[in-house]
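Undergrad: This one is coords_28.pdb, PDB, C-alpha atoms.
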ATOM      1  CA  MET Y 226      89.933  27.883 142.872  1.00  0.00           C
ATOM      2  CA  ASP Y 227      90.604  27.714 139.158  1.00  0.00           C
ATOM      3  CA  PRO Y 228      88.436  25.643 136.791  1.00  0.00           C
ATOM      4  CA  GLY Y 229      89.636  22.050 136.733  1.00  0.00           C
ATOM      5  CA  GLU Y 230      91.430  22.392 140.065  1.00  0.00           C
ATOM      6  CA  GLY Y 231      90.506  20.103 142.944  1.00  0.00           C
ATOM      7  CA  GLN Y 232      87.950  17.332 143.078  1.00  0.00           C
ATOM      8  CA  ASN Y 233      84.186  17.566 143.504  1.00  0.00           C
ATOM      9  CA  GLY Y 234      84.373  21.329 144.013  1.00  0.00           C
ATOM     10  CA  GLU Y 235      86.960  21.153 146.821  1.00  0.00           C
ATOM     11  CA  CYS Y 236      90.492  22.532 146.637  1.00  0.00           C
ATOM     12  CA  GLU Y 237      93.556  20.342 147.154  1.00  0.00           C
ATOM     13  CA  ASP Y 238      94.268  21.912 150.572  1.00  0.00           C
ATOM     14  CA  CYS Y 239      90.734  21.110 151.761  1.00  0.00           C
ATOM     15  CA  LEU Y 240      91.074  17.504 150.603  1.00  0.00           C
ATOM     16  CA  ALA Y 241      94.474  17.154 152.320  1.00  0.00           C
ATOM     17  CA  GLU Y 242      93.107  18.588 155.579  1.00  0.00           C
ATOM     18  CA  ARG Y 243      90.078  16.285 155.465  1.00  0.00           C
ATOM     19  CA  LYS Y 244      92.412  13.292 154.957  1.00  0.00           C
ATOM     20  CA  ARG Y 245      94.616  14.366 157.907  1.00  0.00           C
ATOM     21  CA  VAL Y 246      91.575  14.673 160.168  1.00  0.00           C
ATOM     22  CA  LYS Y 247      90.227  11.281 159.041  1.00  0.00           C
ATOM     23  CA  ASP Y 248      93.616   9.615 159.579  1.00  0.00           C
ATOM     24  CA  ARG Y 249      93.927  11.183 163.052  1.00  0.00           C
ATOM     25  CA  GLU Y 250      90.431   9.987 164.008  1.00  0.00           C
ATOM     26  CA  GLU Y 251      91.308   6.450 162.887  1.00  0.00           C
ATOM     27  CA  GLN Y 252      94.559   6.537 164.857  1.00  0.00           C
ATOM     28  CA  MET Y 253      92.749   7.738 167.988  1.00  0.00           C
ATOM     29  CA  GLY Y 254      90.162   4.968 167.599  1.00  0.00           C
ATOM     30  CA  GLN Y 255      92.907   2.358 167.296  1.00  0.00           C
ATOM     31  CA  MET Y 256      94.691   3.784 170.328  1.00  0.00           C
ATOM     32  CA  ILE Y 257      91.505   3.725 172.406  1.00  0.00           C
ATOM     33  CA  GLN Y 258      90.807   0.105 171.481  1.00  0.00           C
ATOM     34  CA  SER Y 259      94.418  -0.991 172.038  1.00  0.00           C
ATOM     35  CA  THR Y 260      95.206  -3.474 174.788  1.00  0.00           C
ATOM     36  CA  ASN Y 261      98.919  -2.599 174.755  1.00  0.00           C
ATOM     37  CA  TYR Y 262      99.379  -0.586 177.959  1.00  0.00           C
ATOM     38  CA  GLU Y 263     103.133   0.079 177.852  1.00  0.00           C
ATOM     39  CA  GLN Y 264     104.407   3.496 178.936  1.00  0.00           C
ATOM     40  CA  MET Y 265     105.029   5.887 176.046  1.00  0.00           C
ATOM     41  CA  GLU Y 266     107.156   8.986 175.839  1.00  0.00           C
ATOM     42  CA  MET Y 267     105.337  12.198 174.862  1.00  0.00           C
ATOM     43  CA  GLU Y 268     107.280  12.367 171.567  1.00  0.00           C
ATOM     44  CA  GLU Y 269     106.093   8.872 170.593  1.00  0.00           C
ATOM     45  CA  PHE Y 270     102.510   9.760 171.449  1.00  0.00           C
ATOM     46  CA  LEU Y 271     102.512  12.912 169.326  1.00  0.00           C
ATOM     47  CA  ARG Y 272     103.852  11.294 166.127  1.00  0.00           C
TER      48      ARG Y 272
END
Is it possible to express this structure as structure tokens?

TA:
Amino acid sequence: MDPGEGQNGECEDCLAERKRVKDREEQMGQMIQSTNYEQMEMEEFLR
């Protein structure tokens, strides 16, 4: 990592990956707490 690159000592790729993981965890939490029990296709589930 070059000087001035990234934030708080982390590269842009690391920050993007951390955000993806956080977003996925939030989506899973919302899905678990959902009371909408309609059948989903696999493609819809994986989006």

Undergrad: Skip Y:Leu271 itself and residues of its chain fewer than 3 positions away, then list as a short mmCIF file (atom, residue, chain, number, x, y, z; two decimals) with C-alpha atoms, in the coordinates of the input all residues within 12 Å of it, counting only C-alpha atoms.

TA:
data_model
loop_
_atom_site.label_atom_id
_atom_site.label_comp_id
_atom_site.auth_asym_id
_atom_site.auth_seq_id
_atom_site.Cartn_x
_atom_site.Cartn_y
_atom_site.Cartn_z
CA ARG Y 249 93.93 11.18 163.05
CA GLN Y 252 94.56 6.54 164.86
CA MET Y 253 92.75 7.74 167.99
CA MET Y 265 105.03 5.89 176.05
CA GLU Y 266 107.16 8.99 175.84
CA MET Y 267 105.34 12.20 174.86
CA GLU Y 268 107.28 12.37 171.57
#

Undergrad: If I take atom CA of Y:Gln255 and atom CA of Y:Glu269, how far is one from the other in Å, to one decimal?

TA: 15.1 Å

Undergrad: Please compute the atom CA of Y:Thr260-atom CA of Y:Glu242 distance, one decimal, in Å.

TA: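 For atom CA of Y:Thr260 relative to atom CA of Y:Glu242, the distance reads 29.3 Å.
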
Undergrad: One number please: atom CA of Y:Cys239 to atom CA of Y:Ile257, in Å, one decimal.

TA: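 Between atom CA of Y:Cys239 and atom CA of Y:Ile257 the gap works out to 27.0 Å.
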